[in-house]
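Here is the structure we will look at.
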Amino acid sequence: MNIRTLGIDLAKNVFRVHGVDSRGKTVVQRELRRRQLLSFIARLQPCMVGMEACGGAHYWAREMVKLGHEVRLMSPRFVRPYVKSNKNDARDAEAICEAVGRPSMRFVAIKSQVQQDMMALHRVRSLLIRERTALMNEMRGLLAEYGVVVAQGAVPLRRALATIVEDHEARVSDLLREILSEMSERLRLFEERLKRYDRR
């Protein structure tokens, strides 16, 4: 198969490929399962492979580069104008194949595994911050129901919790004190994890 440019519409399990030769004539239009993709690519002569920069794209790009192909990733918004008629996987693969060959196309750099590790670290850290904030807001809300208003920020909340849990604040029931104690422990674990991520 003399493929010069290959467009791949990535998915979780079923991928669509669209390949053209040096004259722009379609030479392959196929559906491939996840386990078939790399073996299919390995059988091809080195060519230009285009994909949208989405979940998993950087992994596939690194694997295809190892097989000798020139891989280019594009933002999906730059591919969209090349989709003909109603959108489906086959037309998406064809549009990717068309877009990757355009001289004015802008590409996304392929991330290394180290770069992706660092991005994962930042994403998990951001998730922990959101979860910690939600937990603190929930604690403030519970205390407000008992007439105890705590200022914004982690430090005022920790001080208030120490007073309520250890010194037995009269306005708070034993059940709520127990709940707040458990939530304080979760908050402490979140903060320890965040310190670890900050050091990394």
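Simple scheme: letters A, B, ... for chains in structure tokens order, numbers from 1 for residues in each chain, numbers from 1 for ligands in the order shown.
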
So that I can check the secondary structure, give me every residue of region 26-155 of chain A assigned alpha helix (DSSP H) by backbone DSSP, as a VMD selection string.
chain A and resid 34 to 42 57 to 66 76 to 79 89 to 100 113 to 144 154 to 155

Can you check which parts of region 49-124 of chain A lie within 12 Å of region 21-27 of chain A? Per residue, the shortest pair of atoms and distance in Å to one decimal, counting only C-alpha atoms, sorted by chain and number, as a tab-separated table.
residue	atom	partner	partner_atom	distance
A:Ala93	CA	A:Thr26	CA	11.7
A:Glu94	CA	A:Thr26	CA	9.2
A:Cys97	CA	A:Gly24	CA	9.8
A:Glu98	CA	A:Gly24	CA	9.0
A:Gly101	CA	A:Gly24	CA	10.1

Show which residues sit within 10 Å of region 48-50 of chain A, as number ranges by chain. Count only C-alpha atoms, and ignore same-chain residues fewer than 4 positions away.
A: 3-9, 17-19, 41, 61, 64-65, 68-74, 93, 95-101, 107

Here is a test: counting only C-alpha atoms, which residue of A:Ala154, A:Leu44, A:Gly141, A:Asp92 is nearest to Ala11 (chain A)?
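Once distances to Ala11 (chain A) are computed over only C-alpha atoms, the minimum belongs to A:Asp92.
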
So which residues touch Arg33 (chain A) within 9 Å, counting only C-alpha atoms, skipping near sequence neighbours fewer than 4 positions away, as a ChimeraX atom specification?
/A:13-16,37

Please, what distance in Å, to one decimal, runs between CA of Arg199 (chain A) and CA of Ala120 (chain A)?
14.7 Å

Which polymer residues have any atom within 9 Å of an atom of region 125-137 of chain A, counting only C-alpha atoms, with same-chain residues fewer than 4 positions away left out, as a PyMOL selection string?
chain A and resi 120-121+141-142+152-154+157+183-184+186-187+190-191+193-194+197-198

Distance CA of Val83 (chain A)-CA of Pro46 (chain A), one decimal place?
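Taking CA of Val83 (chain A) as the start and CA of Pro46 (chain A) as the end point, the length is 25.4 Å.
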
Mind pulling up the distance from CA of Lys111 (chain A) to CA of Phe78 (chain A)?
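Separating CA of Phe78 (chain A) from CA of Lys111 (chain A) is a distance of 19.2 Å.
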
I'd like to know which of A:Val108, A:Ala162, A:Val124, A:Val172 is closest to Val148 (chain A), using only C-alpha atoms.
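The closest residue to Val148 (chain A) is A:Val172.
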